[in-house]
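Chemist: Structure: coords_15.txt, compact mmCIF, C-alpha atoms.
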# COMPACT_ATOMS: atom_id res chain seq x y z
CA MET H 1 74.29 125.44 -54.29
CA THR H 2 72.08 127.88 -56.16
CA ASP H 3 69.41 127.42 -58.79
CA THR H 4 71.80 128.52 -61.51
CA ASN H 5 74.26 125.69 -60.85
CA ILE H 6 74.64 123.29 -63.75
CA ASP H 7 75.65 119.74 -63.07
CA PRO H 8 78.50 119.01 -65.49
CA GLN H 9 77.61 115.33 -65.52
CA THR H 10 74.10 116.07 -66.82
CA SER H 11 75.19 118.50 -69.51
CA ALA H 12 77.71 116.01 -70.89
CA PHE H 13 75.01 113.50 -71.75
CA GLU H 14 71.88 115.52 -72.38
CA ASN H 15 72.65 115.97 -76.08
CA GLU H 16 73.44 112.31 -76.64
CA ALA H 17 71.52 110.49 -79.33
CA SER H 18 68.54 108.53 -78.10
CA PHE H 19 67.18 105.38 -79.70
CA GLY H 20 64.56 107.56 -81.38
CA ASP H 21 67.28 109.64 -83.08
CA TYR H 22 68.58 106.53 -84.83
CA ILE H 23 65.03 105.72 -85.91
CA ALA H 24 64.65 109.31 -87.20
CA LEU H 25 67.77 108.73 -89.31
CA LEU H 26 65.80 106.05 -91.18
CA LYS H 27 63.10 108.54 -92.26
CA PRO H 28 60.11 106.62 -90.83
CA ARG H 29 57.54 108.55 -92.87
CA VAL H 30 59.19 107.63 -96.15
CA MET H 31 59.56 104.10 -94.78
CA SER H 32 55.78 103.81 -94.28
CA LEU H 33 55.23 104.48 -98.00
CA VAL H 34 57.92 101.93 -98.86
CA VAL H 35 56.25 99.34 -96.62
CA PHE H 36 52.81 99.95 -98.11
CA THR H 37 53.84 99.86 -101.78
CA ALA H 38 56.17 96.87 -101.30
CA LEU H 39 53.37 95.03 -99.50
CA VAL H 40 50.97 95.68 -102.38
CA GLY H 41 53.58 94.45 -104.90
CA LEU H 42 53.99 91.28 -102.87
CA VAL H 43 50.32 90.61 -102.23
CA VAL H 44 49.09 91.15 -105.81
CA ALA H 45 51.79 88.87 -107.25
CA PRO H 46 50.44 85.54 -108.54
CA VAL H 47 52.77 83.39 -106.42
CA PRO H 48 51.74 82.83 -102.77
CA VAL H 49 54.37 83.54 -100.13
CA HIS H 50 54.44 82.17 -96.57
CA PRO H 51 53.09 85.00 -94.33
CA PHE H 52 56.18 85.00 -92.11
CA VAL H 53 58.57 85.15 -95.07
CA ALA H 54 56.43 87.95 -96.54
CA ALA H 55 56.46 89.97 -93.29
CA VAL H 56 60.19 89.52 -92.80
CA SER H 57 60.91 90.44 -96.43
CA ILE H 58 58.86 93.64 -96.09
CA LEU H 59 60.80 94.43 -92.91
CA PHE H 60 64.15 94.06 -94.71
CA ILE H 61 62.92 96.17 -97.64
CA ALA H 62 61.90 98.85 -95.12
CA ILE H 63 65.29 98.65 -93.37
CA GLY H 64 67.03 98.97 -96.76
CA GLY H 65 64.88 102.01 -97.57
CA GLY H 66 65.69 103.46 -94.15
CA ALA H 67 69.41 102.86 -94.67
CA SER H 68 69.31 104.88 -97.88
CA GLY H 69 67.57 107.63 -95.88
CA ALA H 70 70.47 107.61 -93.38
CA LEU H 71 72.97 107.91 -96.24
CA ASN H 72 70.91 110.80 -97.64
CA MET H 73 71.06 112.57 -94.26
CA TRP H 74 74.82 111.94 -94.08
CA TYR H 75 75.46 113.60 -97.42
CA ASP H 76 72.86 116.35 -97.11
CA SER H 77 73.68 117.44 -93.54
CA ASP H 78 75.06 120.76 -94.79
CA ILE H 79 71.81 121.80 -96.51
CA ASP H 80 69.65 120.19 -93.80
CA THR H 81 71.08 122.77 -91.41
CA ILE H 82 69.82 125.59 -93.65
CA MET H 83 66.30 124.38 -94.44
CA LYS H 84 63.57 125.00 -91.87
CA ARG H 85 61.89 121.66 -92.66
CA THR H 86 65.05 119.63 -92.00
CA LYS H 87 67.10 121.46 -89.38
CA GLY H 88 65.62 119.37 -86.56
CA ARG H 89 67.08 116.15 -88.04
CA PRO H 90 69.58 114.25 -85.84
CA ILE H 91 72.77 115.45 -87.61
CA PRO H 92 71.98 119.20 -87.77
CA ALA H 93 70.64 118.96 -84.20
CA GLY H 94 74.07 117.67 -83.09
CA LYS H 95 72.76 114.35 -81.79
CA ILE H 96 74.52 112.10 -84.29
CA THR H 97 77.77 112.79 -86.15
CA ARG H 98 78.07 112.54 -89.93
CA GLY H 99 80.47 109.61 -89.61
CA GLU H 100 78.07 107.70 -87.40
CA ALA H 101 75.22 108.25 -89.86
CA PHE H 102 77.39 107.07 -92.75
CA GLY H 103 78.49 103.91 -90.91
CA PHE H 104 74.94 103.22 -89.78
CA GLY H 105 73.61 103.62 -93.34
CA ILE H 106 76.27 101.44 -94.98
CA ALA H 107 76.01 98.69 -92.35
CA LEU H 108 72.21 98.58 -92.49
CA SER H 109 72.25 98.57 -96.32
CA ALA H 110 74.47 95.48 -96.43
CA PHE H 111 72.50 93.83 -93.62
CA ALA H 112 69.13 94.42 -95.34
CA CYS H 113 70.26 93.23 -98.78
CA VAL H 114 71.95 90.03 -97.55
CA LEU H 115 69.04 89.10 -95.28
CA LEU H 116 66.43 89.84 -97.95
CA GLY H 117 68.38 87.55 -100.28
CA LEU H 118 68.43 84.77 -97.69
CA ALA H 119 64.78 85.23 -96.71
CA SER H 120 63.39 85.43 -100.25
CA ASN H 121 65.66 85.45 -103.31
CA PHE H 122 68.62 87.31 -104.73
CA VAL H 123 66.66 89.02 -107.53
CA ALA H 124 64.75 90.93 -104.84
CA ALA H 125 68.00 91.54 -102.92
CA GLY H 126 69.69 92.84 -106.07
CA LEU H 127 66.81 95.21 -106.75
CA LEU H 128 67.01 96.48 -103.15
CA ALA H 129 70.77 97.04 -103.47
CA PHE H 130 70.21 98.93 -106.72
CA THR H 131 67.48 101.04 -105.10
CA ILE H 132 69.78 102.05 -102.23
CA PHE H 133 72.58 102.86 -104.70
CA PHE H 134 70.17 104.86 -106.85
CA TYR H 135 68.82 106.94 -103.98
CA ALA H 136 72.11 107.51 -102.16
CA VAL H 137 74.48 107.96 -105.11
CA VAL H 138 72.52 108.80 -108.28
CA TYR H 139 69.93 111.03 -106.60
CA THR H 140 71.52 112.41 -103.41
CA ILE H 141 75.16 112.77 -104.42
CA TRP H 142 74.88 113.29 -108.15
CA LEU H 143 71.56 114.76 -109.33
CA LYS H 144 69.92 116.57 -106.42
CA ARG H 145 72.23 119.57 -106.52
CA SER H 146 73.03 119.57 -110.23
CA THR H 147 69.77 119.51 -112.20
CA PRO H 148 66.17 120.71 -111.79
CA GLN H 149 65.14 117.30 -113.16
CA ASN H 150 66.53 115.81 -109.90
CA ILE H 151 63.24 114.48 -108.61
CA VAL H 152 62.24 112.98 -111.96
CA ILE H 153 65.20 110.60 -111.95
CA GLY H 154 65.37 110.40 -108.16
CA GLY H 155 61.71 109.36 -108.14
CA ALA H 156 62.81 106.03 -109.57
CA ALA H 157 64.29 105.12 -106.20
CA GLY H 158 60.87 105.54 -104.58
CA ALA H 159 59.26 103.56 -107.39
CA PHE H 160 61.26 100.37 -106.85
CA PRO H 161 59.66 99.00 -103.62
CA PRO H 162 56.54 97.44 -105.27
CA MET H 163 58.85 95.90 -107.85
CA ILE H 164 60.96 94.42 -105.03
CA GLY H 165 57.80 93.12 -103.33
CA TRP H 166 56.75 91.49 -106.59
CA ALA H 167 60.23 89.97 -106.97
CA VAL H 168 60.05 88.53 -103.43
CA ALA H 169 57.02 86.50 -104.54
CA THR H 170 57.88 85.68 -108.14
CA GLY H 171 61.68 85.88 -108.23
CA GLY H 172 61.54 88.10 -111.30
CA VAL H 173 60.28 91.20 -113.08
CA SER H 174 57.20 91.36 -115.31
CA VAL H 175 54.93 93.83 -117.07
CA GLU H 176 52.77 94.19 -113.95
CA SER H 177 55.67 95.12 -111.70
CA VAL H 178 57.01 97.52 -114.33
CA LEU H 179 53.59 99.23 -114.40
CA LEU H 180 53.60 99.54 -110.59
CA PHE H 181 57.04 101.12 -110.92
CA MET H 182 55.84 103.50 -113.65
CA ILE H 183 52.81 104.65 -111.62
CA ILE H 184 55.05 105.89 -108.77
CA PHE H 185 57.76 107.11 -111.16
CA MET H 186 55.36 109.33 -113.15
CA TRP H 187 53.47 110.39 -110.01
CA THR H 188 56.56 111.70 -108.19
CA PRO H 189 57.26 114.85 -110.28
CA PRO H 190 53.76 116.41 -110.03
CA HIS H 191 53.65 115.48 -106.32
CA PHE H 192 56.97 117.14 -105.43
CA TRP H 193 56.66 120.08 -107.81
CA ALA H 194 53.31 120.97 -106.27
CA LEU H 195 55.13 121.01 -102.89
CA ALA H 196 58.00 123.05 -104.37
CA LEU H 197 55.52 125.67 -105.62
CA PHE H 198 54.63 126.65 -102.05
CA MET H 199 57.85 125.56 -100.23
CA ASN H 200 60.11 127.44 -102.64
CA ASP H 201 61.97 129.55 -100.06
CA ASP H 202 63.60 126.61 -98.29
CA TYR H 203 65.06 125.19 -101.50
CA THR H 204 66.21 128.61 -102.71
CA LYS H 205 68.06 129.22 -99.44
CA ALA H 206 69.75 125.81 -99.63
CA GLY H 207 70.68 126.28 -103.28
CA VAL H 208 68.88 123.11 -104.41
CA PRO H 209 67.94 123.64 -108.08
CA MET H 210 64.24 122.89 -107.89
CA LEU H 211 62.25 123.63 -111.04
CA PRO H 212 60.39 126.70 -109.64
CA VAL H 213 63.80 128.16 -108.65
CA THR H 214 65.59 127.54 -111.96
CA HIS H 215 62.82 127.80 -114.55
CA GLY H 216 60.08 129.66 -112.71
CA ARG H 217 56.61 128.76 -111.56
CA ARG H 218 55.07 128.94 -115.04
CA ALA H 219 57.37 126.17 -116.32
CA THR H 220 56.66 124.15 -113.16
CA ARG H 221 52.91 124.37 -113.75
CA ASN H 222 53.41 123.20 -117.35
CA HIS H 223 55.51 120.26 -116.16
CA ILE H 224 52.95 119.27 -113.50
CA PHE H 225 50.17 119.18 -116.08
CA GLY H 226 52.32 117.28 -118.60
CA TYR H 227 53.34 114.59 -116.12
CA THR H 228 49.79 114.20 -114.83
CA LEU H 229 48.64 113.47 -118.39
CA ALA H 230 51.54 111.07 -118.98
CA LEU H 231 50.79 109.23 -115.72
CA ALA H 232 47.20 108.30 -116.64
CA PRO H 233 47.96 105.65 -119.33
CA PHE H 234 50.21 103.71 -116.93
CA ALA H 235 47.69 103.87 -114.09
CA LEU H 236 44.80 102.86 -116.36
CA GLY H 237 46.92 100.29 -118.21
CA ALA H 238 47.42 98.30 -115.00
CA ALA H 239 43.66 97.58 -115.05
CA PHE H 240 44.13 95.37 -118.13
CA THR H 241 46.87 93.18 -116.68
CA SER H 242 46.59 90.21 -114.31
CA ILE H 243 46.61 92.50 -111.24
CA GLY H 244 43.81 94.78 -112.48
CA GLY H 245 40.07 94.38 -112.84
CA LEU H 246 36.77 96.18 -113.07
CA PHE H 247 36.93 97.65 -109.57
CA TYR H 248 40.45 98.98 -110.08
CA LEU H 249 39.49 100.44 -113.46
CA VAL H 250 36.55 102.38 -112.00
CA VAL H 251 38.71 103.74 -109.14
CA SER H 252 41.57 104.61 -111.51
CA VAL H 253 39.34 106.42 -114.03
CA ALA H 254 37.85 108.55 -111.25
CA LEU H 255 41.21 109.33 -109.63
CA ASN H 256 42.94 110.18 -112.90
CA ALA H 257 40.08 112.41 -114.02
CA TRP H 258 40.25 114.21 -110.67
CA PHE H 259 44.05 114.49 -110.81
CA ILE H 260 44.07 115.81 -114.39
CA ILE H 261 41.34 118.36 -113.62
CA GLY H 262 43.39 119.52 -110.59
CA ALA H 263 46.57 119.81 -112.66
CA TYR H 264 44.67 121.68 -115.38
CA GLY H 265 43.47 124.12 -112.71
CA LEU H 266 47.07 124.69 -111.54
CA TRP H 267 48.20 125.10 -115.16
CA ARG H 268 45.62 127.83 -115.82
CA ARG H 269 46.27 129.63 -112.55
CA ALA H 270 48.19 132.88 -112.57
CA ASP H 271 50.92 133.11 -109.99
CA ASP H 272 49.62 136.36 -108.50
CA ALA H 273 46.30 134.71 -107.73
CA ALA H 274 48.12 131.77 -106.13
CA ALA H 275 50.25 134.04 -103.96
CA ASP H 276 47.12 135.96 -102.90
CA ASP H 277 45.42 132.91 -101.42
CA ASN H 278 48.70 131.43 -100.07
CA TYR H 279 48.79 128.65 -102.70
CA LYS H 280 45.51 127.12 -101.57
CA ASP H 281 44.96 125.08 -104.75
CA GLU H 282 48.60 123.94 -104.85
CA ARG H 283 48.35 122.69 -101.27
CA LYS H 284 45.08 120.92 -102.11
CA PHE H 285 46.63 119.29 -105.18
CA PHE H 286 49.63 118.13 -103.11
CA LYS H 287 47.38 116.53 -100.50
CA PHE H 288 45.25 114.90 -103.18
CA SER H 289 48.35 113.48 -104.86
CA LEU H 290 49.06 111.47 -101.70
CA LEU H 291 45.51 110.16 -101.71
CA TYR H 292 45.82 109.36 -105.43
CA LEU H 293 48.72 106.98 -104.85
CA PHE H 294 47.28 105.45 -101.69
CA LEU H 295 43.90 104.74 -103.33
CA HIS H 296 45.46 103.26 -106.48
CA PHE H 297 47.51 100.77 -104.50
CA GLY H 298 44.61 100.20 -102.12
CA ALA H 299 42.37 99.38 -105.10
CA LEU H 300 44.91 96.79 -106.26
CA LEU H 301 44.74 95.16 -102.83
CA VAL H 302 40.93 95.09 -103.00
CA GLU H 303 41.19 93.62 -106.49
CA ALA H 304 43.46 90.83 -105.19
CA ALA H 305 40.96 90.12 -102.39
CA LEU H 306 38.03 90.04 -104.84
CA LYS H 307 39.83 87.58 -107.08
CA SER H 308 41.08 85.29 -104.34
CA ASN H 309 37.56 85.03 -102.92
CA ASP H 310 36.08 84.61 -106.40
CA LEU H 311 33.70 87.52 -105.85
CA TYR H 312 33.61 88.52 -109.50
CA GLY H 313 31.48 85.47 -110.30
CA ALA H 314 30.50 85.41 -113.94
CA ILE H 315 32.14 88.72 -114.82
CA THR H 316 35.11 88.06 -117.08
CA TRP H 317 37.98 90.47 -117.49
CA PRO H 318 40.68 90.62 -120.15
CA MET F 1 83.53 110.89 -60.63
CA ALA F 2 83.20 107.15 -60.54
CA ILE F 3 80.66 105.64 -62.84
CA THR F 4 78.10 103.93 -60.73
CA LYS F 5 74.80 102.34 -61.60
CA GLU F 6 73.06 105.57 -60.68
CA SER F 7 75.26 107.82 -62.80
CA ASP F 8 73.64 110.18 -65.30
CA MET F 9 75.26 108.34 -68.15
CA HIS F 10 73.42 105.15 -67.23
CA LYS F 11 70.16 107.03 -66.89
CA SER F 12 70.48 108.84 -70.18
CA ARG F 13 71.54 105.73 -72.07
CA PHE F 14 68.95 103.40 -70.60
CA GLY F 15 66.44 103.96 -73.40
CA ARG F 16 69.04 103.45 -76.06
CA ASN F 17 70.37 100.26 -74.49
CA LEU F 18 66.87 98.90 -73.98
CA GLY F 19 66.00 99.65 -77.62
CA LEU F 20 69.13 97.98 -78.90
CA GLY F 21 68.49 94.96 -76.68
CA LEU F 22 64.98 94.59 -78.02
CA VAL F 23 66.21 94.93 -81.63
CA LEU F 24 68.84 92.23 -81.10
CA GLY F 25 66.31 89.96 -79.38
CA GLY F 26 63.89 90.53 -82.26
CA PHE F 27 66.62 89.70 -84.75
CA VAL F 28 67.34 86.38 -83.05
CA ALA F 29 63.62 85.55 -83.05
CA ILE F 30 63.31 86.43 -86.76
CA ILE F 31 66.25 84.21 -87.74
CA PHE F 32 64.90 81.38 -85.61
CA PHE F 33 61.38 81.46 -87.06
CA LEU F 34 62.68 82.05 -90.58
CA THR F 35 64.76 78.88 -90.24
CA VAL F 36 61.73 76.95 -88.99
CA VAL F 37 59.62 78.19 -91.93
CA LYS F 38 62.35 77.49 -94.49
CA VAL F 39 62.89 73.95 -93.22
CA THR F 40 59.20 73.04 -92.95
CA GLU F 41 58.08 74.73 -96.17
CA GLY F 42 61.06 73.67 -98.28
CA ASP F 43 61.01 71.16 -101.12
CA PRO F 44 60.85 67.58 -99.93
CA MET F 45 64.39 66.43 -99.37
CA GLN F 46 65.68 62.97 -100.09
CA ALA F 47 68.32 61.66 -97.77
CA PHE F 48 70.66 58.82 -98.66
CA ASP F 49 69.50 55.84 -96.69
CA HIS F 50 71.76 53.06 -97.98
CA VAL F 51 68.99 51.66 -100.15
CA VAL F 52 69.23 51.45 -103.91
CA ARG F 53 67.15 54.30 -105.34
CA THR F 54 65.56 52.88 -108.44
CA ASP F 55 63.96 56.17 -109.52
CA TYR F 56 67.35 57.84 -109.43
CA GLU F 57 68.98 54.99 -111.39
CA ALA F 58 66.22 55.08 -114.03
CA ALA F 59 66.70 58.81 -114.52
CA GLN F 60 70.38 58.20 -115.29
The structure given in the file should be rewritten as structure tokens.

Modeler:
Amino acid sequence: MTDTNIDPQTSAFENEASFGDYIALLKPRVMSLVVFTALVGLVVAPVPVHPFVAAVSILFIAIGGGASGALNMWYDSDIDTIMKRTKGRPIPAGKITRGEAFGFGIALSAFACVLLGLASNFVAAGLLAFTIFFYAVVYTIWLKRSTPQNIVIGGAAGAFPPMIGWAVATGGVSVESVLLFMIIFMWTPPHFWALALFMNDDYTKAGVPMLPVTHGRRATRNHIFGYTLALAPFALGAAFTSIGGLFYLVVSVALNAWFIIGAYGLWRRADDAAADDNYKDERKFFKFSLLYLFLHFGALLVEAALKSNDLYGAITWP
Amino acid sequence: MAITKESDMHKSRFGRNLGLGLVLGGFVAIIFFLTVVKVTEGDPMQAFDHVVRTDYEAAQ
């Protein structure tokens, strides 16, 4: 036997999918955002939920979100192979077949919806089923490759989790949960378009019609600024509902001012200047957009804690 | 080659099998505790105990 000998038994199994590959199919990073926003929707709702039912419901919402991620990877495996950012995913890496990913996604979708219905209520389960359908069919199969407005409509899928969390507690939909939905819905386009400004090459190669590819960077900068302005009324409006308060209002005013100033800066920026400094401001705006969403939902959690502990005292709020 | 306990297939699949086992065990635990919570937190239930229920009759 020499050093160059290859054991056929080893090579037959070394490319087999590990447990982690199945977890990767569920897009854990997206899942963490789903968990956080759904948790906020559930906690700020006016109806208390048993902690175990709440935890289990969040788990099933996360599994449902993950299942839609698996269906996305099933359908998009051809372009995932082309893009640098996605070619390490389990299907392009040859660890999991397309059929397996499809079966896994469909089975987990049904499992998550039925169990969420049994654990909480069927309004929440229906919303979860619609979210999975929206992400897998409306966004992934239909819009992603056909229109540069793909992420505007597709963003709705990411905006549903707090609404589902709210429905777990209340069994319905109300103005507060619609506002939570609108905050994420209006936030998604500036967030992803900022990314597309400096990750343009990947999308161009894959033939995904992102706005900078189809309409140019100037139009993208206009859209980012427009959506950032349109987002502010929804974010600020939540302060005047039952889930908002003085603390949330102060945080929201500061964050929206910061976000609008950032978007205005991107709007005024010439593309040559951006290319010269390797899209420094665009990268900064993208990072801040993540913080914007996290701090808004975090402020709502703080608000719920302030109210439940009666820390506002004599201060009254509309 | 016969598949034995020490085969490469067993070694390479150990992590996957362990993960699946833990997920299934976790699922059983979730259903069990969910049932306990649902039963103990549910609305008070009234069982038929062969006694005339006057409140029920009055409601009719």

Chemist: Around (53.4, 94.1, -117.5) in the file's own coordinates, what residues are found within 12 Å if you use all atoms listed in the file, given back as a list in words?

Modeler: Ala45, Met163, Trp166, Gly172, Val173, Ser174, Val175, Glu176, Ser177, Val178, Leu179, Leu180, Phe181, Met182, Phe234, Ala235, Gly237, Ala238, Ala239, Phe240, Thr241, Ser242, Ile243 and Gly244 of chain H

Chemist: Measuring between all atoms listed in the file, which one of H:Leu290, H:Ala107, H:Ile63, H:Ala206 shows the shortest distance to Lys27 of chain H?

Modeler: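 Closest to Lys27 of chain H, using all atoms listed in the file: H:Ile63.
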
Chemist: Chain F near chain H within 7 Å: what's each residue's closest atom pair and its distance in Å to one decimal, counting only C-alpha atoms, ordered by chain then ascending residue number, as a Markdown table?

Modeler:
| residue | atom | partner | partner_atom | distance |
| --- | --- | --- | --- | --- |
| F:Asp8 | CA | H:Thr10 | CA | 6.1 |
| F:Met9 | CA | H:Phe13 | CA | 6.3 |
| F:Ser12 | CA | H:Phe13 | CA | 6.7 |
| F:Gly15 | CA | H:Phe19 | CA | 6.5 |
| F:Arg16 | CA | H:Phe19 | CA | 4.5 |
| F:Gly19 | CA | H:Phe19 | CA | 6.2 |
| F:Leu34 | CA | H:Val53 | CA | 6.8 |

Chemist: Residues within 12 Å of Ile30 of chain F, please, as a list in words. Count all atoms listed in the file; anything in the same chain fewer than 2 positions from it doesn't count.

Modeler: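 These residues fall inside the cut-off: Phe52, Val53, Ala55, Val56, Ser57, Leu59, Phe60, Leu115 and Ala119 of chain H; Val23, Leu24, Gly25, Gly26, Phe27, Val28, Phe32, Phe33, Leu34, Thr35, Val36, Val37 and Lys38 of chain F.
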
Chemist: Would you export the selected residues with C-alpha atoms as a CSV table (one decimal), in the frame of the given file, please?

Modeler:
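Result file again_17.csv:
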chain,number,residue,atom,x,y,z
H,52,PHE,CA,56.2,85.0,-92.1
H,53,VAL,CA,58.6,85.2,-95.1
H,55,ALA,CA,56.5,90.0,-93.3
H,56,VAL,CA,60.2,89.5,-92.8
H,57,SER,CA,60.9,90.4,-96.4
H,59,LEU,CA,60.8,94.4,-92.9
H,60,PHE,CA,64.2,94.1,-94.7
H,115,LEU,CA,69.0,89.1,-95.3
H,119,ALA,CA,64.8,85.2,-96.7
F,23,VAL,CA,66.2,94.9,-81.6
F,24,LEU,CA,68.8,92.2,-81.1
F,25,GLY,CA,66.3,90.0,-79.4
F,26,GLY,CA,63.9,90.5,-82.3
F,27,PHE,CA,66.6,89.7,-84.8
F,28,VAL,CA,67.3,86.4,-83.0
F,32,PHE,CA,64.9,81.4,-85.6
F,33,PHE,CA,61.4,81.5,-87.1
F,34,LEU,CA,62.7,82.0,-90.6
F,35,THR,CA,64.8,78.9,-90.2
F,36,VAL,CA,61.7,77.0,-89.0
F,37,VAL,CA,59.6,78.2,-91.9
F,38,LYS,CA,62.4,77.5,-94.5

Chemist: Excluding Ala167 of chain H and any residue of its chain fewer than 3 positions from it, enumerate the residues within 12 Å of it, using only C-alpha atoms, and give them as number ranges by chain.

Modeler: H: 38-49, 54, 57-58, 61, 116-117, 120-128, 160-164, 170-174, 176-178

Chemist: Calculate how many Å separate atom CA of Leu211 of chain H from atom CA of Ser289 of chain H, rounding to one decimal.

Modeler: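 Pair atom CA of Leu211 of chain H / atom CA of Ser289 of chain H returns 18.3 Å.
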
Chemist: So how many Å separate atom CA of Gly165 of chain H and atom CA of Pro189 of chain H, to one decimal?

Modeler: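 Distance between the two atoms: 22.8 Å.
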
Chemist: Mind giving me the straight-line distance from atom CA of Met186 of chain H to atom CA of Tyr75 of chain H in Å, one decimal?

Modeler: 25.9 Å

Chemist: Name all residues at most 10 Å from Ala270 of chain H (count all atoms listed in the file; drop same-chain ones fewer than 4 positions away) and give them as an MDAnalysis selection string.

Modeler: chainID H and resid 217:218 221 265:266 274:275

Chemist: Counting all atoms listed in the file, what is within 8 Å of His223 of chain H, bar same-chain residues fewer than 4 positions away, as an MDAnalysis selection string?

Modeler: chainID H and resid 190 219 227

Chemist: Restricting the calculation to only C-alpha atoms, which member of H:Asn222, H:Ser68, H:Thr147, H:Thr131 is positioned closest to Leu108 of chain H?

Modeler: H:Ser68

Chemist: Excluding Leu229 of chain H and any residue of its chain fewer than 4 positions from it, enumerate the residues within 8 Å of it, using only C-alpha atoms, and give them as a list of chain:residue names.

Modeler: H:Phe225, H:Pro233, H:Ile260
